[in-house]
file model.pdb (PDB, C-alpha atoms)
ATOM      1  CA  LEU Y   1     240.737 120.572 107.358
ATOM      2  CA  ALA Y   2     239.125 119.525 110.647
ATOM      3  CA  SER Y   3     237.676 116.426 108.999
ATOM      4  CA  VAL Y   4     241.086 115.527 107.580
ATOM      5  CA  PHE Y   5     242.708 115.902 110.999
ATOM      6  CA  TRP Y   6     239.907 113.776 112.467
ATOM      7  CA  LEU Y   7     240.577 111.068 109.888
ATOM      8  CA  ILE Y   8     244.322 111.176 110.557
ATOM      9  CA  HIS Y   9     243.742 111.046 114.322
ATOM     10  CA  SER Y  10     241.440 108.027 113.980
ATOM     11  CA  TRP Y  11     243.877 106.304 111.658
ATOM     12  CA  MET Y  12     246.733 106.868 114.115
ATOM     13  CA  ALA Y  13     244.550 105.529 116.932
ATOM     14  CA  ASN Y  14     244.098 102.311 114.946
ATOM     15  CA  LEU Y  15     247.870 102.025 114.582
ATOM     16  CA  GLN Y  16     248.061 101.434 118.343
ATOM     17  CA  TYR Y  17     246.341  98.069 117.926
ATOM     18  CA  GLU Y  18     247.545  94.702 116.673
ATOM     19  CA  VAL Y  19     245.366  92.003 115.154
ATOM     20  CA  SER Y  20     245.166  88.584 116.773
ATOM     21  CA  SER Y  21     242.958  85.506 116.620
ATOM     22  CA  CYS Y  22     240.609  84.878 119.495
ATOM     23  CA  GLU Y  23     238.375  81.937 120.313
ATOM     24  CA  VAL Y  24     234.842  82.359 121.591
ATOM     25  CA  GLU Y  25     234.536  81.063 125.153
ATOM     26  CA  LYS Y  26     231.109  82.410 126.064
ATOM     27  CA  LEU Y  27     228.237  83.828 124.039
ATOM     28  CA  PRO Y  28     226.530  87.124 124.855
ATOM     29  CA  SER Y  29     223.680  86.897 127.307
ATOM     30  CA  ARG Y  30     221.680  89.225 125.074
ATOM     31  CA  PHE Y  31     222.002  91.264 121.902
ATOM     32  CA  ARG Y  32     220.860  94.838 121.826
ATOM     33  CA  PRO Y  33     220.250  97.361 119.008
ATOM     34  CA  VAL Y  34     222.813 100.102 118.718
ATOM     35  CA  ASP Y  35     221.597 102.498 116.037
ATOM     36  CA  ASN Y  36     218.099 102.604 114.595
ATOM     37  CA  MET Y  37     219.115 104.789 111.659
ATOM     38  CA  ASP Y  38     221.811 102.324 110.589
ATOM     39  CA  PRO Y  39     220.506  99.100 112.180
ATOM     40  CA  LEU Y  40     223.319  97.573 114.196
ATOM     41  CA  VAL Y  41     223.360  94.862 116.820
ATOM     42  CA  SER Y  42     225.800  94.653 119.703
ATOM     43  CA  GLY Y  43     226.778  91.742 121.887
ATOM     44  CA  VAL Y  44     229.538  91.161 124.448
ATOM     45  CA  TYR Y  45     231.484  87.948 123.815
ATOM     46  CA  THR Y  46     233.937  86.313 126.198
ATOM     47  CA  VAL Y  47     236.976  85.242 124.179
ATOM     48  CA  LYS Y  48     240.313  83.583 124.749
ATOM     49  CA  ARG Y  49     243.273  85.400 123.234
ATOM     50  CA  THR Y  50     246.535  83.512 122.965
ATOM     51  CA  TYR Y  51     249.919  85.181 122.724
ATOM     52  CA  PRO Y  52     253.261  83.742 121.583
ATOM     53  CA  PRO Y  53     256.324  83.374 123.830
ATOM     54  CA  THR Y  54     258.461  86.472 124.284
ATOM     55  CA  ALA Y  55     261.527  87.537 126.220
ATOM     56  CA  ARG Y  56     259.207  88.461 129.101
ATOM     57  CA  GLY Y  57     257.472  85.126 129.376
ATOM     58  CA  PRO Y  58     256.280  81.901 127.746
ATOM     59  CA  GLU Y  59     253.303  81.364 125.491
ATOM     60  CA  GLY Y  60     249.972  81.768 127.167
ATOM     61  CA  TYR Y  61     246.445  83.064 126.876
ATOM     62  CA  ILE Y  62     244.075  85.442 128.565
ATOM     63  CA  VAL Y  63     240.298  85.427 128.728
ATOM     64  CA  GLU Y  64     238.753  88.821 128.011
ATOM     65  CA  GLU Y  65     235.468  90.346 127.035
ATOM     66  CA  CYS Y  66     234.949  92.247 123.802
ATOM     67  CA  GLU Y  67     231.953  93.933 122.267
ATOM     68  CA  VAL Y  68     231.030  92.941 118.720
ATOM     69  CA  VAL Y  69     228.876  95.254 116.608
ATOM     70  CA  VAL Y  70     227.391  93.886 113.377
ATOM     71  CA  HIS Y  71     224.801  94.981 110.854
ATOM     72  CA  CYS Y  72     221.271  93.693 111.103
ATOM     73  CA  ASP Y  73     220.313  91.789 107.934
ATOM     74  CA  GLU Y  74     216.607  91.398 108.669
ATOM     75  CA  ILE Y  75     214.381  93.506 110.895
ATOM     76  CA  ARG Y  76     210.915  92.734 112.209
ATOM     77  CA  TYR Y  77     209.242  96.090 112.555
ATOM     78  CA  SER Y  78     206.892  96.613 115.452
ATOM     79  CA  GLN Y  79     203.261  97.583 115.003
ATOM     80  CA  THR Y  80     203.655 100.406 117.495
ATOM     81  CA  GLY Y  81     205.754 102.438 115.070
ATOM     82  CA  ASN Y  82     208.429 102.867 117.734
ATOM     83  CA  ASN Y  83     211.905 102.058 116.471
ATOM     84  CA  GLN Y  84     212.888 100.885 119.927
ATOM     85  CA  ASP Y  85     210.403  98.020 119.605
ATOM     86  CA  ASP Y  86     211.859  96.752 116.320
ATOM     87  CA  VAL Y  87     213.577  93.366 116.566
ATOM     88  CA  CYS Y  88     216.577  92.225 114.512
ATOM     89  CA  MET Y  89     215.804  88.705 113.284
ATOM     90  CA  ARG Y  90     219.000  87.886 111.399
ATOM     91  CA  PHE Y  91     222.577  89.048 111.926
ATOM     92  CA  LYS Y  92     226.066  87.606 111.953
ATOM     93  CA  SER Y  93     227.063  85.833 115.159
ATOM     94  CA  TRP Y  94     229.731  83.443 116.408
ATOM     95  CA  SER Y  95     229.354  80.098 118.137
ATOM     96  CA  TRP Y  96     231.269  78.660 121.059
ATOM     97  CA  GLY Y  97     234.831  77.695 120.049
ATOM     98  CA  GLU Y  98     234.655  79.675 116.791
ATOM     99  CA  LYS Y  99     237.528  81.927 115.775
ATOM    100  CA  ILE Y 100     237.025  85.657 115.631
ATOM    101  CA  ASP Y 101     239.445  88.465 114.809
ATOM    102  CA  CYS Y 102     240.378  90.575 117.778
ATOM    103  CA  PHE Y 103     242.536  93.669 118.215
ATOM    104  CA  TYR Y 104     244.573  94.381 121.337
ATOM    105  CA  ASN Y 105     246.477  97.477 122.339
ATOM    106  CA  LYS Y 106     250.225  97.237 121.751
ATOM    107  CA  ASP Y 107     250.807  98.422 125.318
ATOM    108  CA  ASP Y 108     248.668  95.588 126.700
ATOM    109  CA  PHE Y 109     250.192  92.535 125.045
ATOM    110  CA  TYR Y 110     249.493  90.275 128.029
ATOM    111  CA  GLY Y 111     246.163  91.874 128.875
ATOM    112  CA  ASP Y 112     247.303  92.740 132.392
ATOM    113  CA  LYS Y 113     246.701  96.478 132.004
ATOM    114  CA  GLY Y 114     242.996  96.100 131.405
ATOM    115  CA  LEU Y 115     242.955  98.018 128.123
ATOM    116  CA  ARG Y 116     239.909  97.364 126.003
ATOM    117  CA  LEU Y 117     239.932  94.496 123.523
ATOM    118  CA  TYR Y 118     238.109  94.996 120.230
ATOM    119  CA  CYS Y 119     236.625  92.173 118.180
ATOM    120  CA  GLN Y 120     235.793  91.984 114.489
ATOM    121  CA  SER Y 121     236.804  95.601 113.835
ATOM    122  CA  LEU Y 122     239.326  98.200 114.918
ATOM    123  CA  PRO Y 123     238.387 100.939 117.398
ATOM    124  CA  GLN Y 124     237.846 103.332 114.512
ATOM    125  CA  GLU Y 125     236.252 101.852 111.416
ATOM    126  CA  LEU Y 126     236.925 105.164 109.610
ATOM    127  CA  ARG Y 127     233.663 104.930 107.684
ATOM    128  CA  GLN Y 128     232.207 108.025 109.284
ATOM    129  CA  GLU Y 129     235.536 109.843 109.067
ATOM    130  CA  GLN Y 130     235.947 108.942 105.399
ATOM    131  CA  PHE Y 131     232.374 109.978 104.658
ATOM    132  CA  THR Y 132     232.962 113.295 106.425
ATOM    133  CA  VAL Y 133     236.174 113.879 104.461
ATOM    134  CA  ILE Y 134     234.416 113.051 101.189
ATOM    135  CA  VAL Y 135     231.514 115.381 101.966
ATOM    136  CA  SER Y 136     233.869 118.137 103.135
ATOM    137  CA  GLY Y 137     236.032 117.677 100.051
ATOM    138  CA  ALA Y 138     232.992 117.805  97.784
ATOM    139  CA  MET Y 139     231.774 120.967  99.517
ATOM    140  CA  LEU Y 140     235.247 122.498  99.208
ATOM    141  CA  VAL Y 141     235.404 121.683  95.497
ATOM    142  CA  LEU Y 142     231.886 123.043  95.035
ATOM    143  CA  SER Y 143     232.881 126.217  96.880
ATOM    144  CA  TRP Y 144     235.896 126.680  94.613
ATOM    145  CA  VAL Y 145     233.728 126.073  91.547
ATOM    146  CA  ILE Y 146     231.239 128.701  92.739
ATOM    147  CA  ILE Y 147     234.061 131.142  93.512
ATOM    148  CA  ALA Y 148     235.619 130.511  90.080
ATOM    149  CA  ALA Y 149     232.230 130.982  88.406
ATOM    150  CA  LEU Y 150     231.634 134.248  90.273
ATOM    151  CA  TRP Y 151     235.152 135.458  89.415
ATOM    152  CA  TRP Y 152     234.640 134.549  85.759
ATOM    153  CA  ARG Y 153     231.264 136.319  85.751
ATOM    154  CA  ARG Y 154     232.774 139.459  87.305
ATOM    155  CA  ARG Y 155     235.683 139.317  84.866
ATOM    156  CA  LYS Y 156     233.283 138.901  81.955
ATOM    157  CA  ASP Y 157     231.131 141.819  83.173
ATOM    158  CA  LYS Y 158     234.251 143.949  83.614
ATOM    159  CA  ASP Y 159     235.533 143.058  80.160
ATOM    160  CA  GLN Y 160     232.117 143.812  78.708
ATOM    161  CA  ALA Y 161     231.973 147.141  80.535
ATOM    162  CA  ASP Y 162     235.496 147.994  79.352
ATOM    163  CA  GLN Y 163     234.549 147.053  75.799
ATOM    164  CA  GLU Y 164     231.400 149.172  75.983
ATOM    165  CA  HIS Y 165     233.477 152.055  77.322
ATOM    166  CA  GLU Y 166     235.981 151.644  74.506
ATOM    167  CA  ASP Y 167     233.175 151.465  71.929
ATOM    168  CA  SER Y 168     231.551 154.541  73.430
ATOM    169  CA  ALA Y 169     234.865 156.406  73.393
ATOM    170  CA  ALA Y 170     235.494 155.331  69.788
ATOM    171  CA  LEU Y 171     231.975 156.414  68.775
ATOM    172  CA  GLU Y 172     232.420 159.734  70.535
ATOM    173  CA  ALA Y 173     235.742 160.219  68.740
ATOM    174  CA  GLU Y 174     234.085 159.434  65.403
ATOM    175  CA  ILE Y 175     231.323 161.929  66.149
ATOM    176  CA  LEU Y 176     233.887 164.576  67.059
ATOM    177  CA  ASP Y 177     235.835 163.827  63.875
ATOM    178  CA  ALA Y 178     232.629 164.052  61.853
ATOM    179  CA  LYS Y 179     231.757 167.389  63.497
ATOM    180  CA  ARG Y 180     235.262 168.646  62.835
ATOM    181  CA  ILE Y 181     235.045 167.649  59.180
ATOM    182  CA  ILE Y 182     231.640 169.271  58.832
ATOM    183  CA  GLU Y 183     232.909 172.449  60.517
ATOM    184  CA  GLU Y 184     235.947 172.499  58.239
ATOM    185  CA  ARG Y 185     233.731 172.035  55.210
ATOM    186  CA  ASP Y 186     231.390 174.766  56.432
ATOM    187  CA  ALA Y 187     234.374 177.031  57.042
ATOM    188  CA  GLN Y 188     235.754 176.271  53.583
ATOM    189  CA  GLY Y 189     232.336 176.958  52.028
ATOM    190  CA  THR Y 190     232.047 180.247  53.892
ATOM    191  CA  ASN Y 191     235.516 181.320  52.752
ATOM    192  CA  HIS Y 192     234.700 180.300  49.186
ATOM    193  CA  HIS Y 193     231.510 182.368  49.153
ATOM    194  CA  ALA Y 194     233.363 185.263  50.716
ATOM    195  CA  ARG Y 195     236.023 185.134  48.016
ATOM    196  CA  ASN Y 196     233.381 184.957  45.283
ATOM    197  CA  GLY Y 197     231.619 187.957  46.769
ATOM    198  CA  VAL Y 198     234.815 189.990  46.799
ATOM    199  CA  GLU Y 199     235.523 189.035  43.197
ATOM    200  CA  ASP Y 200     232.013 190.008  42.161
ATOM    201  CA  ASP Y 201     232.375 193.381  43.836
ATOM    202  CA  SER Y 202     235.689 193.944  42.141
ATOM    203  CA  ASP Y 203     234.205 193.104  38.741
ATOM    204  CA  TYR Y 204     231.279 195.395  39.405
ATOM    205  CA  GLU Y 205     233.521 198.276  40.323
ATOM    206  CA  SER Y 206     235.731 197.673  37.294
ATOM    207  CA  GLY Y 207     232.669 197.670  35.034
ATOM    208  CA  GLY Y 208     231.410 200.929  36.489
ATOM    209  CA  ASP Y 209     234.688 202.688  35.872
ATOM    210  CA  SER Y 210     234.754 201.547  32.255
ATOM    211  CA  GLU Y 211     231.313 203.021  31.543
ATOM    212  CA  GLY Y 212     232.311 206.317  33.038
ATOM    213  CA  ASP Y 213     235.198 206.683  30.683
TER     214      ASP Y 213
END

call {"tool": "encode", "arguments": {"input": "model.pdb", "output": "structure tokens"}}
result
Amino acid sequence: LASVFWLIHSWMANLQYEVSSCEVEKLPSRFRPVDNMDPLVSGVYTVKRTYPPTARGPEGYIVEECEVVVHCDEIRYSQTGNNQDDVCMRFKSWSWGEKIDCFYNKDDFYGDKGLRLYCQSLPQELRQEQFTVIVSGAMLVLSWVIIAALWWRRRKDKDQADQEHEDSAALEAEILDAKRIIEERDAQGTNHHARNGVEDDSDYESGGDSEGD
């Protein structure tokens, strides 16, 4: 969420600026490297920004300075191995009198408030913010996938445990039923033998009485 708010904040900051066309009046005295990881070159141009007539005043222009940051297309690497000694040999630049896009703050239309003028790009290019949002979103999706996988695994283990419990209970019930059947059969067999024994005794006694007569 923080990355999203950062992106929204940067986007709203860009909304405070209007695009205009400036003309290069003076070239940078020197160009300097900005970032060795992502080779960039910076130079401060002096430009002339014109503005149309308004209710406050007629058409006019103002001369301002703006920093331009561009990518380095070709680098000559130093033999020292120090990135600070690397030299950018080829990069985009503007000549005297050439047009360049510039962005001024809406509250500084005439340039009399001294607010910073940006050239070639808005104050926030949103590349880093967008990258952060993409990475954060990917991590969030990955987190949800991991959570869903863990939940599914727990649910599967629970279902398996419940099924094993049900199978165990069913098996135990079958064993108890089998024991009960065996006990009933044993009881029936015992009763049958007991009845046969009583009948045999009765026959024996009846036979003995007949011989006595």

call {"tool": "atom_distance", "arguments": {"input": "model.pdb", "atom1": "CA of Leu27 in chain Y", "atom2": "CA of Glu67 in chain Y"}}
result
10.9 Å

call {"tool": "resolve_selection", "arguments": {"input": "model.pdb", "expression": "the PyMOL selection byres ((chain Y and resi 68) around 6)", "output": "mmCIF file with C-alpha atoms, in the coordinates of the input"}}
result
data_model
loop_
_atom_site.group_PDB
_atom_site.id
_atom_site.type_symbol
_atom_site.label_atom_id
_atom_site.label_comp_id
_atom_site.auth_asym_id
_atom_site.auth_seq_id
_atom_site.Cartn_x
_atom_site.Cartn_y
_atom_site.Cartn_z
ATOM 1 C CA SER Y 42 225.800 94.653 119.703
ATOM 2 C CA GLY Y 43 226.778 91.742 121.887
ATOM 3 C CA GLU Y 67 231.953 93.933 122.267
ATOM 4 C CA VAL Y 69 228.876 95.254 116.608
ATOM 5 C CA CYS Y 119 236.625 92.173 118.180
#

call {"tool": "atom_distance", "arguments": {"input": "model.pdb", "atom1": "CA of Glu166 in chain Y", "atom2": "CA of Arg185 in chain Y"}}
result
28.2 Å

call {"tool": "resolve_selection", "arguments": {"input": "model.pdb", "expression": "the PyMOL selection byres ((chain Y and resi 16) around 6)", "output": "count of residues only"}}
result
6

call {"tool": "resolve_selection", "arguments": {"input": "model.pdb", "expression": "the PyMOL selection byres ((chain Y and resi 90-93) around 6)", "output": "ChimeraX atom specification"}}
result
/Y:72-74,88-89,94

call {"tool": "atom_distance", "arguments": {"input": "model.pdb", "atom1": "CA of Arg76 in chain Y", "atom2": "CA of Arg30 in chain Y"}}
result
17.1 Å

call {"tool": "residues_around", "arguments": {"input": "model.pdb", "residues": "Cys66 in chain Y", "least_positions_apart": "3", "cutoff": "10 Å", "atoms": "only C-alpha atoms", "output": "list of chain:residue names"}}
result
Y:Pro28, Y:Gly43, Y:Val44, Y:Tyr45, Y:Thr46, Y:Val47, Y:Val63, Y:Val69, Y:Cys102, Y:Phe103, Y:Arg116, Y:Leu117, Y:Tyr118, Y:Cys119, Y:Gln120
